[in-house]
>>> print(open('structure-v9.cif').read())   # mmCIF, C-alpha atoms (C1' of nucleotides)
data_input
loop_
_atom_site.label_atom_id
_atom_site.label_comp_id
_atom_site.auth_asym_id
_atom_site.auth_seq_id
_atom_site.Cartn_x
_atom_site.Cartn_y
_atom_site.Cartn_z
CA MET Z 783 -4.49 2.00 -4.22
CA PRO Z 784 -3.02 -1.37 -4.91
CA GLU Z 785 -1.94 -3.21 -1.80
CA LEU Z 786 -0.54 -6.72 -1.68
CA PRO Z 787 -3.70 -8.60 -2.78
CA GLU Z 788 -4.30 -6.26 -5.72
CA VAL Z 789 -0.70 -6.51 -6.91
CA GLU Z 790 -0.80 -10.29 -6.50
CA THR Z 791 -3.96 -10.35 -8.63
CA ILE Z 792 -2.34 -8.18 -11.28
CA ALA Z 793 0.74 -10.43 -11.37
CA CYS Z 794 -1.39 -13.56 -11.78
CA ARG Z 795 -3.38 -12.02 -14.59
CA LEU Z 796 -0.35 -10.71 -16.48
CA ARG Z 797 1.81 -13.81 -16.09
CA PRO Z 798 0.31 -16.07 -18.78
CA ASP Z 799 0.31 -13.31 -21.38
CA LEU Z 800 3.67 -11.81 -20.50
CA VAL Z 801 6.04 -14.70 -19.85
CA GLY Z 802 8.00 -15.46 -23.01
CA ARG Z 803 7.39 -12.08 -24.63
CA ARG Z 804 10.28 -9.89 -25.69
CA ILE Z 805 10.32 -6.15 -25.05
CA LEU Z 806 11.00 -4.38 -28.33
CA GLN Z 807 10.69 -0.81 -27.21
CA LEU Z 808 10.07 1.29 -24.12
CA GLU Z 809 7.93 4.37 -24.54
CA ALA Z 810 8.39 6.85 -21.69
CA ARG Z 811 5.73 9.54 -21.59
CA TRP Z 812 6.37 10.53 -17.99
CA PRO Z 813 10.13 10.07 -17.59
CA LYS Z 814 10.05 11.17 -13.94
CA SER Z 815 8.54 7.80 -13.06
CA LEU Z 816 11.57 5.88 -14.39
CA TRP Z 817 14.31 4.97 -11.88
CA PRO Z 818 17.19 5.35 -11.42
CA SER Z 819 16.86 7.22 -14.72
CA PRO Z 820 14.94 6.95 -18.00
CA GLU Z 821 18.19 5.91 -19.73
CA ALA Z 822 18.75 3.11 -17.22
CA VAL Z 823 15.24 1.72 -17.64
CA ARG Z 824 15.72 1.70 -21.39
CA ALA Z 825 18.05 -1.28 -20.79
CA CYS Z 826 14.93 -3.47 -20.61
CA GLU Z 827 14.67 -3.18 -24.40
CA GLY Z 828 15.55 -6.36 -26.24
CA ARG Z 829 15.07 -8.54 -23.18
CA GLN Z 830 12.64 -11.40 -22.79
CA VAL Z 831 10.25 -11.65 -19.84
CA HIS Z 832 11.11 -14.84 -17.95
CA ARG Z 833 8.83 -14.47 -14.98
CA VAL Z 834 6.19 -12.28 -13.33
CA ASP Z 835 6.26 -12.02 -9.54
CA ARG Z 836 5.38 -9.78 -6.63
CA ARG Z 837 7.38 -8.44 -3.68
CA GLY Z 838 5.41 -6.34 -1.22
CA LYS Z 839 3.44 -3.94 -3.38
CA HIS Z 840 5.93 -4.19 -6.25
CA LEU Z 841 5.11 -6.02 -9.44
CA LEU Z 842 8.25 -7.78 -10.68
CA LEU Z 843 9.14 -8.65 -14.23
CA GLY Z 844 12.16 -10.97 -14.35
CA LEU Z 845 14.04 -10.33 -17.60
CA SER Z 846 16.74 -12.15 -19.51
CA GLY Z 847 20.25 -11.35 -18.39
CA GLY Z 848 19.28 -11.41 -14.72
CA SER Z 849 17.72 -7.96 -14.74
CA TRP Z 850 14.37 -6.91 -13.32
CA LEU Z 851 11.67 -4.35 -13.70
CA ALA Z 852 10.05 -3.49 -10.36
CA ILE Z 853 6.83 -1.56 -10.83
CA HIS Z 854 5.17 0.25 -7.93
CA LEU Z 855 1.67 1.52 -8.72
CA ARG Z 856 1.44 3.77 -5.66
CA MET Z 857 -1.94 5.53 -5.41
CA SER Z 858 -3.49 5.34 -8.84
CA GLY Z 859 -1.35 3.13 -11.08
CA ARG Z 860 -2.88 0.39 -13.23
CA MET Z 861 -1.51 -2.19 -15.64
CA GLU Z 862 -3.38 -2.43 -18.92
CA TRP Z 863 -3.02 -3.92 -22.35
CA ALA Z 864 -3.10 -1.98 -25.57
CA GLY Z 865 -2.69 -3.20 -29.10
CA PRO Z 866 -4.02 -3.28 -32.60
CA HIS Z 867 -7.52 -4.10 -31.41
CA LEU Z 868 -7.30 -2.62 -27.91
CA PRO Z 869 -7.54 1.13 -27.41
CA GLU Z 870 -4.87 2.74 -25.29
CA PRO Z 871 -6.01 3.48 -21.71
CA ARG Z 872 -6.24 7.00 -20.36
CA HIS Z 873 -3.19 8.34 -18.53
CA ALA Z 874 -0.73 5.98 -20.21
CA ARG Z 875 2.67 6.85 -18.70
CA THR Z 876 4.99 3.98 -19.60
CA LEU Z 877 4.43 1.60 -22.52
CA TRP Z 878 6.28 -1.60 -23.35
CA HIS Z 879 5.92 -2.59 -26.98
CA LEU Z 880 6.16 -6.37 -27.19
CA ASP Z 881 7.12 -8.85 -29.89
CA ASP Z 882 3.54 -10.08 -30.35
CA GLY Z 883 2.33 -6.65 -31.44
CA ARG Z 884 0.73 -5.90 -28.12
CA CYS Z 885 1.68 -3.24 -25.66
CA LEU Z 886 1.83 -3.43 -21.87
CA VAL Z 887 0.85 -0.08 -20.38
CA MET Z 888 1.31 1.43 -16.96
CA ALA Z 889 -1.50 3.96 -16.70
CA ASP Z 890 -1.37 6.30 -13.73
CA ALA Z 891 -3.66 9.30 -13.29
CA ARG Z 892 -1.71 10.81 -10.40
CA LYS Z 893 1.77 10.04 -11.75
CA PHE Z 894 3.05 8.72 -8.42
CA GLY Z 895 3.89 5.26 -9.79
CA ARG Z 896 7.49 4.14 -10.24
CA VAL Z 897 9.23 1.84 -12.71
CA ILE Z 898 12.61 0.63 -11.47
CA PHE Z 899 15.16 -1.23 -13.57
CA THR Z 900 17.76 -3.17 -11.62
CA GLN Z 901 20.33 -5.94 -11.98
CA ASP Z 902 20.39 -6.33 -8.20
CA LEU Z 903 16.93 -7.19 -6.93
CA ALA Z 904 18.09 -7.97 -3.39
CA GLY Z 905 19.87 -4.64 -3.21
CA THR Z 906 16.81 -2.81 -4.45
CA PHE Z 907 14.72 -4.29 -1.65
CA VAL Z 908 17.34 -4.23 1.09
CA ASP Z 909 15.15 -1.99 3.25
CA LEU Z 910 11.88 -3.76 2.52
CA GLY Z 911 10.31 -5.74 5.37
CA PRO Z 912 9.37 -9.44 5.25
CA GLU Z 913 6.53 -10.87 3.21
CA PRO Z 914 3.49 -11.31 5.47
CA LEU Z 915 2.60 -14.59 3.75
CA GLY Z 916 6.18 -15.87 3.69
CA ASP Z 917 7.28 -18.97 5.59
CA GLY Z 918 10.13 -17.08 7.23
CA LEU Z 919 7.78 -14.86 9.19
CA THR Z 920 6.93 -17.17 12.06
CA PRO Z 921 4.84 -15.97 15.00
CA ALA Z 922 8.01 -15.90 17.07
CA VAL Z 923 9.83 -13.69 14.57
CA PHE Z 924 6.82 -11.40 14.21
CA ALA Z 925 6.37 -11.08 17.97
CA ALA Z 926 10.04 -10.26 18.40
CA ARG Z 927 9.89 -7.56 15.72
CA LEU Z 928 6.85 -6.02 17.44
CA GLN Z 929 8.52 -6.12 20.83
CA ALA Z 930 11.45 -4.10 19.51
CA ARG Z 931 9.34 -1.14 18.41
CA ASP Z 932 8.02 1.67 20.59
CA ARG Z 933 5.31 2.75 18.21
CA ALA Z 934 1.57 2.58 17.61
CA ILE Z 935 0.66 -0.63 15.82
CA LYS Z 936 -1.18 0.87 12.83
CA PRO Z 937 1.54 3.19 11.52
CA LEU Z 938 4.02 0.38 12.17
CA LEU Z 939 2.05 -2.07 10.03
CA LEU Z 940 1.90 0.54 7.27
CA ASP Z 941 5.69 0.95 7.44
CA GLN Z 942 6.98 -1.10 4.49
CA THR Z 943 10.36 -1.57 6.14
CA PHE Z 944 8.60 -3.37 8.99
CA LEU Z 945 6.26 -5.50 6.90
CA ALA Z 946 5.85 -5.46 3.12
CA GLY Z 947 2.51 -5.15 1.41
CA LEU Z 948 -0.07 -3.83 3.86
CA GLY Z 949 -1.86 -0.58 3.04
CA ASN Z 950 -4.61 1.35 4.74
CA ILE Z 951 -7.45 -1.02 3.89
CA TYR Z 952 -5.95 -4.34 4.92
CA THR Z 953 -4.29 -2.81 7.98
CA ASP Z 954 -7.63 -1.63 9.38
CA GLU Z 955 -9.23 -4.97 8.52
CA ALA Z 956 -6.45 -6.97 10.18
CA LEU Z 957 -6.52 -4.88 13.37
CA PHE Z 958 -10.29 -5.31 13.60
CA ARG Z 959 -10.04 -9.07 13.24
CA ALA Z 960 -7.31 -9.20 15.84
CA ARG Z 961 -9.46 -6.94 18.08
CA LEU Z 962 -6.62 -4.47 18.48
CA HIS Z 963 -6.95 -0.70 18.59
CA PRO Z 964 -4.70 1.03 16.02
CA LEU Z 965 -2.99 3.07 18.74
CA THR Z 966 -1.95 0.05 20.78
CA PRO Z 967 1.82 0.26 21.32
CA ALA Z 968 3.52 -2.50 19.36
CA SER Z 969 5.76 -3.40 22.29
CA ALA Z 970 2.71 -3.85 24.53
CA LEU Z 971 1.41 -6.81 22.50
CA THR Z 972 1.61 -10.13 24.22
CA ARG Z 973 2.89 -13.15 22.40
CA ALA Z 974 -0.72 -14.35 22.00
CA GLU Z 975 -1.82 -11.00 20.60
CA ALA Z 976 1.09 -10.93 18.17
CA THR Z 977 0.19 -14.40 16.95
CA ALA Z 978 -3.45 -13.42 16.58
CA LEU Z 979 -2.44 -10.32 14.64
CA LEU Z 980 -0.25 -12.28 12.25
CA THR Z 981 -3.09 -14.75 11.71
CA ALA Z 982 -5.51 -11.88 11.07
CA ILE Z 983 -3.11 -10.23 8.60
CA ARG Z 984 -2.74 -13.49 6.69
CA GLU Z 985 -6.49 -14.09 6.70
CA VAL Z 986 -7.37 -10.69 5.25
CA LEU Z 987 -4.60 -10.89 2.66
CA ARG Z 988 -5.56 -14.41 1.55
CA GLU Z 989 -9.20 -13.41 1.44
CA GLY Z 990 -8.30 -10.32 -0.54
CA ILE Z 991 -6.34 -12.41 -3.03
CA ALA Z 992 -9.16 -14.97 -3.25
CA HIS Z 993 -11.57 -12.15 -4.14
CA CYS Z 994 -9.11 -10.60 -6.63
CA GLY Z 995 -8.57 -7.51 -4.48
CA THR Z 996 -10.71 -4.59 -3.36
CA SER Z 997 -12.53 -2.35 -5.86
CA LEU Z 998 -13.49 0.85 -4.08
CA ASP Z 999 -13.61 3.22 -7.02
CA TRP Z 1000 -12.52 3.86 -10.59
CA ILE Z 1001 -8.86 3.05 -9.94
CA TYR Z 1002 -8.94 -0.68 -9.44
CA PRO Z 1003 -11.88 -2.50 -11.08
CA ASP Z 1004 -12.87 -6.16 -10.98
CA GLY Z 1005 -12.12 -7.12 -7.37
CA ARG Z 1006 -14.82 -8.32 -4.96
CA MET Z 1007 -13.15 -7.93 -1.58
CA GLN Z 1008 -15.00 -4.65 -0.87
CA GLU Z 1009 -18.09 -6.76 -0.19
CA PHE Z 1010 -16.27 -8.47 2.67
CA LEU Z 1011 -14.62 -5.51 4.39
CA ARG Z 1012 -15.80 -5.26 7.99
CA VAL Z 1013 -14.59 -1.81 9.05
CA TYR Z 1014 -12.85 0.06 6.21
CA GLY Z 1015 -15.18 2.71 4.80
CA ARG Z 1016 -18.10 1.56 6.99
CA ALA Z 1017 -18.43 4.55 9.35
CA GLY Z 1018 -21.81 4.46 11.08
CA ALA Z 1019 -22.65 0.97 9.88
CA PRO Z 1020 -23.11 -1.76 12.49
CA CYS Z 1021 -20.11 -3.85 13.50
CA THR Z 1022 -20.39 -7.32 12.00
CA ALA Z 1023 -19.40 -8.80 15.35
CA CYS Z 1024 -21.26 -6.74 17.97
CA GLY Z 1025 -23.55 -4.27 16.18
CA ALA Z 1026 -21.94 -1.11 17.55
CA PRO Z 1027 -21.52 1.67 14.94
CA ILE Z 1028 -18.15 1.66 13.20
CA VAL Z 1029 -16.17 4.84 13.89
CA ARG Z 1030 -13.90 6.78 11.56
CA ALA Z 1031 -10.96 8.72 12.95
CA VAL Z 1032 -7.87 10.27 11.43
CA LEU Z 1033 -4.65 8.72 12.61
CA GLY Z 1034 -1.28 9.54 11.15
CA GLN Z 1035 -3.05 11.48 8.39
CA ARG Z 1036 -4.92 8.37 7.32
CA GLY Z 1037 -8.58 7.57 7.61
CA THR Z 1038 -8.90 4.85 10.25
CA TRP Z 1039 -11.96 2.71 10.88
CA THR Z 1040 -12.57 0.74 14.06
CA CYS Z 1041 -15.29 -0.82 16.14
CA PRO Z 1042 -15.18 1.08 19.44
CA ARG Z 1043 -16.50 -1.93 21.33
CA CYS Z 1044 -14.41 -4.71 19.76
CA GLN Z 1045 -11.25 -2.58 19.63
CA PRO Z 1046 -11.19 -0.51 22.83
CA GLU Z 1047 -8.44 2.07 22.99
CA PRO Z 1048 -5.74 1.04 25.43
CA GLY Z 1049 -5.18 3.32 28.39
CA VAL Z 1050 -8.51 5.09 28.02
CA SER Z 1051 -10.66 4.80 31.09
CA GLY Z 1052 -14.43 4.71 30.95
CA TYR Z 1053 -15.07 1.79 28.68
CA SER Z 1054 -16.60 -1.41 29.90
CA PRO Z 1055 -14.43 -4.32 30.97
CA ARG Z 1056 -13.26 -6.76 28.36
CA HIS Z 1057 -16.13 -9.08 29.12
CA ALA Z 1058 -15.65 -12.04 26.80
CA LEU Z 1059 -12.02 -11.33 26.03
CA PRO Z 1060 -9.17 -13.06 27.78
CA ALA Z 1061 -7.02 -10.63 29.73
CA ARG Z 1062 -4.37 -10.17 27.10
CA ARG Z 1063 -2.98 -6.70 27.47
CA THR Z 1064 -1.31 -7.08 30.84
CA ARG Z 1065 2.12 -8.59 30.54
CA PRO Z 1066 3.42 -10.93 33.20
CA PRO Z 1067 6.06 -9.29 35.48
"C1'" DT W 1019 -16.24 24.44 -5.15
"C1'" DG W 1020 -13.97 22.17 -1.72
"C1'" DA W 1021 -12.73 18.06 0.44
"C1'" DA W 1022 -11.08 13.60 0.21
"C1'" DT W 1023 -8.37 9.77 -1.82
"C1'" DT W 1024 -6.10 3.60 -1.50
"C1'" DG W 1025 1.25 5.24 -1.13
"C1'" DT W 1026 5.82 6.91 -0.29
"C1'" DT W 1027 9.47 10.15 0.98
"C1'" DA W 1028 11.92 14.29 2.74
"C1'" DT W 1029 12.19 17.28 6.46
"C1'" DC W 1030 11.53 19.20 10.84
"C1'" DG W 1031 10.89 18.97 15.83
"C1'" DT W 1032 10.83 16.20 19.99
"C1'" DA J 621 18.08 7.02 16.96
"C1'" DA J 622 13.39 6.63 16.68
"C1'" DC J 623 9.12 8.51 16.22
"C1'" DG J 624 5.16 11.77 15.04
"C1'" DA J 625 3.58 15.43 12.34
"C1'" DT J 626 3.58 17.82 8.04
"C1'" DA J 627 4.01 18.77 3.37
"C1'" DA J 628 4.85 17.33 -1.14
"C1'" DC J 629 4.09 14.62 -5.18
"C1'" DA J 630 -0.48 15.18 -9.05
"C1'" DA J 631 -4.87 14.24 -10.51
"C1'" DT J 632 -9.46 12.90 -10.19
"C1'" DT J 633 -13.98 12.17 -8.26
"C1'" DC J 634 -18.02 13.19 -5.55
#
>>> encode(input="structure-v9.cif", output="structure tokens")
Amino acid sequence: MPELPEVETIACRLRPDLVGRRILQLEARWPKSLWPSPEAVRACEGRQVHRVDRRGKHLLLGLSGGSWLAIHLRMSGRMEWAGPHLPEPRHARTLWHLDDGRCLVMADARKFGRVIFTQDLAGTFVDLGPEPLGDGLTPAVFAARLQARDRAIKPLLLDQTFLAGLGNIYTDEALFRARLHPLTPASALTRAEATALLTAIREVLREGIAHCGTSLDWIYPDGRMQEFLRVYGRAGAPCTACGAPIVRAVLGQRGTWTCPRCQPEPGVSGYSPRHALPARRTRPP
DNA sequence: TGAATTGTTATCGT
DNA sequence: AACGATAACAATTC
């Protein structure tokens, strides 16, 4: 489940306890999760953790010698502590035994998570899109990237090579706040719509981080953002903006929640005019 | 029991 | 080439 705000929360929580620790031993109980190979990841042994960061949905551990561990939790991964007085979590897949007697654990029920060891962080992320909260992603840059793609906006936002860090939850929330239907062609967005979308993306991500992420089920506990979601998982409930029932559809194999009134589908006749909305969809000749 | 699940990737067809 | 659809990965929960 973890998307950008959840991984950011995990990084912030681990940082004070992890920076300065030395990795004594790697315990690989599900070697398939270790990339490029279990032997390669073993090179983290003996190294000290210098920093804890995030890139997209990856948790980054900066190690001595210029090497990195990049951990992707995919669907069901969690980071936990184990130790003399802490019981080991269920589904422990990779364990890092540290020099203070504690043990950092990647637990992952579905085994989709990945642990990557690399000396070349830039090379590892060469195909990863820009950080949505990064300074380099100006409205102009974002609008230009959208213009270049002939694709529905929702699957594009989920594409990590286009933008790093959005998952199903925050994508639906951002599109709702920007009043855009998920099937709107990316290249059809005006400059104003692109700017509004970037603002909406940053708002939902910052709000998600401020609330320590979204806790929808047993996988990711402790977050509070689920109380502030406006469309995701709210099928049938009234839209927070207009009162119309939120609709669930399946789009690109993913559950997709929208307000049919606030996010009218482009090109579909039969819906009422965009009353209070500025005419944004038509591009000047 | 059966359906659904937050993410990513390979593959196929258009 | 780019895109959409599909399955696969694997397990758990409701």
>>> resolve_selection(input="structure-v9.cif", expression="the PyMOL selection byres ((chain J and resi 628) around 9)", output="list in words")
DT1027 and DA1028 of chain W; DA627 and DC629 of chain J
>>> interface_residues(input="structure-v9.cif", of="chain W", to="chain Z", cutoff="12 Å", atoms="only C-alpha atoms (C1' of nucleotides)", output="MDAnalysis selection string")
chainID W and resid 1022:1027
>>> residues_near_point(input="structure-v9.cif", point="(-14.1, -4.4, 5.1)", cutoff="12 Å", atoms="only C-alpha atoms (C1' of nucleotides)", output="number ranges by chain")
Z: 950-959, 986-987, 989-990, 995-998, 1006-1017, 1019-1022, 1028, 1038-1041
>>> write_last_selection(input="structure-v9.cif", atoms="C-alpha atoms", output="compact mmCIF listing (two decimals), in the frame of the given file")
# COMPACT_ATOMS: atom_id res chain seq x y z
CA ASN Z 950 -4.61 1.35 4.74
CA ILE Z 951 -7.45 -1.02 3.89
CA TYR Z 952 -5.95 -4.34 4.92
CA THR Z 953 -4.29 -2.81 7.98
CA ASP Z 954 -7.63 -1.63 9.38
CA GLU Z 955 -9.23 -4.97 8.52
CA ALA Z 956 -6.45 -6.97 10.18
CA LEU Z 957 -6.52 -4.88 13.37
CA PHE Z 958 -10.29 -5.31 13.60
CA ARG Z 959 -10.04 -9.07 13.24
CA VAL Z 986 -7.37 -10.69 5.25
CA LEU Z 987 -4.60 -10.89 2.66
CA GLU Z 989 -9.20 -13.41 1.44
CA GLY Z 990 -8.30 -10.32 -0.54
CA GLY Z 995 -8.57 -7.51 -4.48
CA THR Z 996 -10.71 -4.59 -3.36
CA SER Z 997 -12.53 -2.35 -5.86
CA LEU Z 998 -13.49 0.85 -4.08
CA ARG Z 1006 -14.82 -8.32 -4.96
CA MET Z 1007 -13.15 -7.93 -1.58
CA GLN Z 1008 -15.00 -4.65 -0.87
CA GLU Z 1009 -18.09 -6.76 -0.19
CA PHE Z 1010 -16.27 -8.47 2.67
CA LEU Z 1011 -14.62 -5.51 4.39
CA ARG Z 1012 -15.80 -5.26 7.99
CA VAL Z 1013 -14.59 -1.81 9.05
CA TYR Z 1014 -12.85 0.06 6.21
CA GLY Z 1015 -15.18 2.71 4.80
CA ARG Z 1016 -18.10 1.56 6.99
CA ALA Z 1017 -18.43 4.55 9.35
CA ALA Z 1019 -22.65 0.97 9.88
CA PRO Z 1020 -23.11 -1.76 12.49
CA CYS Z 1021 -20.11 -3.85 13.50
CA THR Z 1022 -20.39 -7.32 12.00
CA ILE Z 1028 -18.15 1.66 13.20
CA THR Z 1038 -8.90 4.85 10.25
CA TRP Z 1039 -11.96 2.71 10.88
CA THR Z 1040 -12.57 0.74 14.06
CA CYS Z 1041 -15.29 -0.82 16.14
>>> resolve_selection(input="structure-v9.cif", expression="the PyMOL selection byres ((chain J) within 8 of (chain Z))", output="list in words")
DC623, DG624, DA625, DC629, DA630, DA631 and DT632 of chain J
>>> write_last_selection(input="structure-v9.cif", atoms="C-alpha atoms (C1' of nucleotides)", output="short mmCIF file (atom, residue, chain, number, x, y, z; two decimals), in the frame of the given file")
data_model
loop_
_atom_site.label_atom_id
_atom_site.label_comp_id
_atom_site.auth_asym_id
_atom_site.auth_seq_id
_atom_site.Cartn_x
_atom_site.Cartn_y
_atom_site.Cartn_z
"C1'" DC J 623 9.12 8.51 16.22
"C1'" DG J 624 5.16 11.77 15.04
"C1'" DA J 625 3.58 15.43 12.34
"C1'" DC J 629 4.09 14.62 -5.18
"C1'" DA J 630 -0.48 15.18 -9.05
"C1'" DA J 631 -4.87 14.24 -10.51
"C1'" DT J 632 -9.46 12.90 -10.19
#
>>> resolve_selection(input="structure-v9.cif", expression="the PyMOL selection byres ((chain Z and resi 911) around 7)", output="ChimeraX atom specification")
/Z:909-910,912-913,942-946
>>> residues_near_point(input="structure-v9.cif", point="(10.7, -13.6, -20.3)", cutoff="7 Å", atoms="all atoms listed in the file", output="ChimeraX atom specification")
/Z:801-804,830-833,844-846
>>> write_last_selection(input="structure-v9.cif", atoms="C-alpha atoms", output="mmCIF file, in the frame of the given file")
data_model
loop_
_atom_site.group_PDB
_atom_site.id
_atom_site.type_symbol
_atom_site.label_atom_id
_atom_site.label_comp_id
_atom_site.auth_asym_id
_atom_site.auth_seq_id
_atom_site.Cartn_x
_atom_site.Cartn_y
_atom_site.Cartn_z
ATOM 1 C CA VAL Z 801 6.040 -14.700 -19.850
ATOM 2 C CA GLY Z 802 8.000 -15.460 -23.010
ATOM 3 C CA ARG Z 803 7.390 -12.080 -24.630
ATOM 4 C CA ARG Z 804 10.280 -9.890 -25.690
ATOM 5 C CA GLN Z 830 12.640 -11.400 -22.790
ATOM 6 C CA VAL Z 831 10.250 -11.650 -19.840
ATOM 7 C CA HIS Z 832 11.110 -14.840 -17.950
ATOM 8 C CA ARG Z 833 8.830 -14.470 -14.980
ATOM 9 C CA GLY Z 844 12.160 -10.970 -14.350
ATOM 10 C CA LEU Z 845 14.040 -10.330 -17.600
ATOM 11 C CA SER Z 846 16.740 -12.150 -19.510
#
>>> closest_residue(input="structure-v9.cif", among="Z:Ser815, Z:Ser969, Z:Gln1045, Z:Ser849", to="Z:Ala925", atoms="only C-alpha atoms")
Z:Ser969
>>> residues_around(input="structure-v9.cif", residues="stretch 864-881 of chain Z", least_positions_apart="2", cutoff="8 Å", atoms="all atoms listed in the file", output="PyMOL selection string")
chain Z and resi 803-812+862+883-891+893
>>> atom_distance(input="structure-v9.cif", atom1="atom C1' of W:DT1032", atom2="atom CA of Z:Leu965")
19.1 Å
>>> axis_aligned_box(input="structure-v9.cif", around="chain W", padding_each_side="8 Å", output="lines of an AutoDock Vina configuration file")
center_x = -2.0
center_y = 14.0
center_z = 7.4
size_x = 44.4
size_y = 36.8
size_z = 41.1
>>> atom_distance(input="structure-v9.cif", atom1="atom CA of Z:Arg1030", atom2="atom CA of Z:Pro964")
11.7 Å
>>> atom_distance(input="structure-v9.cif", atom1="atom CA of Z:Trp863", atom2="atom CA of Z:Ala992")
22.9 Å
>>> closest_residue(input="structure-v9.cif", among="Z:Cys1044, Z:Val908, Z:Leu948, Z:Ile898", to="Z:Ala960", atoms="only C-alpha atoms")
Z:Cys1044
>>> build_atoms(input="structure-v9.cif", residues="stretch 1031-1042 of chain Z", atoms="N, CA, C and O atoms", output="short mmCIF file (atom, residue, chain, number, x, y, z; two decimals), in the frame of the given file")
data_model
loop_
_atom_site.label_atom_id
_atom_site.label_comp_id
_atom_site.auth_asym_id
_atom_site.auth_seq_id
_atom_site.Cartn_x
_atom_site.Cartn_y
_atom_site.Cartn_z
N ALA Z 1031 -11.83 7.71 12.37
CA ALA Z 1031 -10.96 8.72 12.95
C ALA Z 1031 -9.82 8.97 11.97
O ALA Z 1031 -9.66 8.24 11.00
N VAL Z 1032 -9.06 10.03 12.24
CA VAL Z 1032 -7.87 10.27 11.43
C VAL Z 1032 -6.66 10.02 12.31
O VAL Z 1032 -6.55 10.55 13.41
N LEU Z 1033 -5.78 9.17 11.81
CA LEU Z 1033 -4.65 8.72 12.61
C LEU Z 1033 -3.44 8.68 11.70
O LEU Z 1033 -3.44 7.95 10.70
N GLY Z 1034 -2.44 9.49 12.03
CA GLY Z 1034 -1.28 9.54 11.15
C GLY Z 1034 -1.68 9.96 9.75
O GLY Z 1034 -1.19 9.39 8.77
N GLN Z 1035 -2.58 10.89 9.65
CA GLN Z 1035 -3.05 11.48 8.39
C GLN Z 1035 -3.88 10.50 7.55
O GLN Z 1035 -4.19 10.78 6.41
N ARG Z 1036 -4.17 9.34 8.11
CA ARG Z 1036 -4.92 8.37 7.32
C ARG Z 1036 -6.28 8.13 7.96
O ARG Z 1036 -6.39 8.06 9.19
N GLY Z 1037 -7.29 7.98 7.11
CA GLY Z 1037 -8.58 7.57 7.61
C GLY Z 1037 -8.44 6.21 8.29
O GLY Z 1037 -7.75 5.33 7.78
N THR Z 1038 -9.07 6.07 9.46
CA THR Z 1038 -8.90 4.85 10.25
C THR Z 1038 -10.25 4.42 10.78
O THR Z 1038 -10.93 5.19 11.44
N TRP Z 1039 -10.66 3.20 10.47
CA TRP Z 1039 -11.96 2.71 10.88
C TRP Z 1039 -11.82 1.61 11.92
O TRP Z 1039 -10.98 0.70 11.78
N THR Z 1040 -12.61 1.74 12.99
CA THR Z 1040 -12.57 0.74 14.06
C THR Z 1040 -13.97 0.50 14.61
O THR Z 1040 -14.87 1.32 14.42
N CYS Z 1041 -14.12 -0.62 15.29
CA CYS Z 1041 -15.29 -0.82 16.14
C CYS Z 1041 -14.92 -0.43 17.55
O CYS Z 1041 -14.01 -1.03 18.13
N PRO Z 1042 -15.59 0.60 18.11
CA PRO Z 1042 -15.18 1.08 19.44
C PRO Z 1042 -15.39 0.03 20.53
O PRO Z 1042 -14.77 0.11 21.59
#
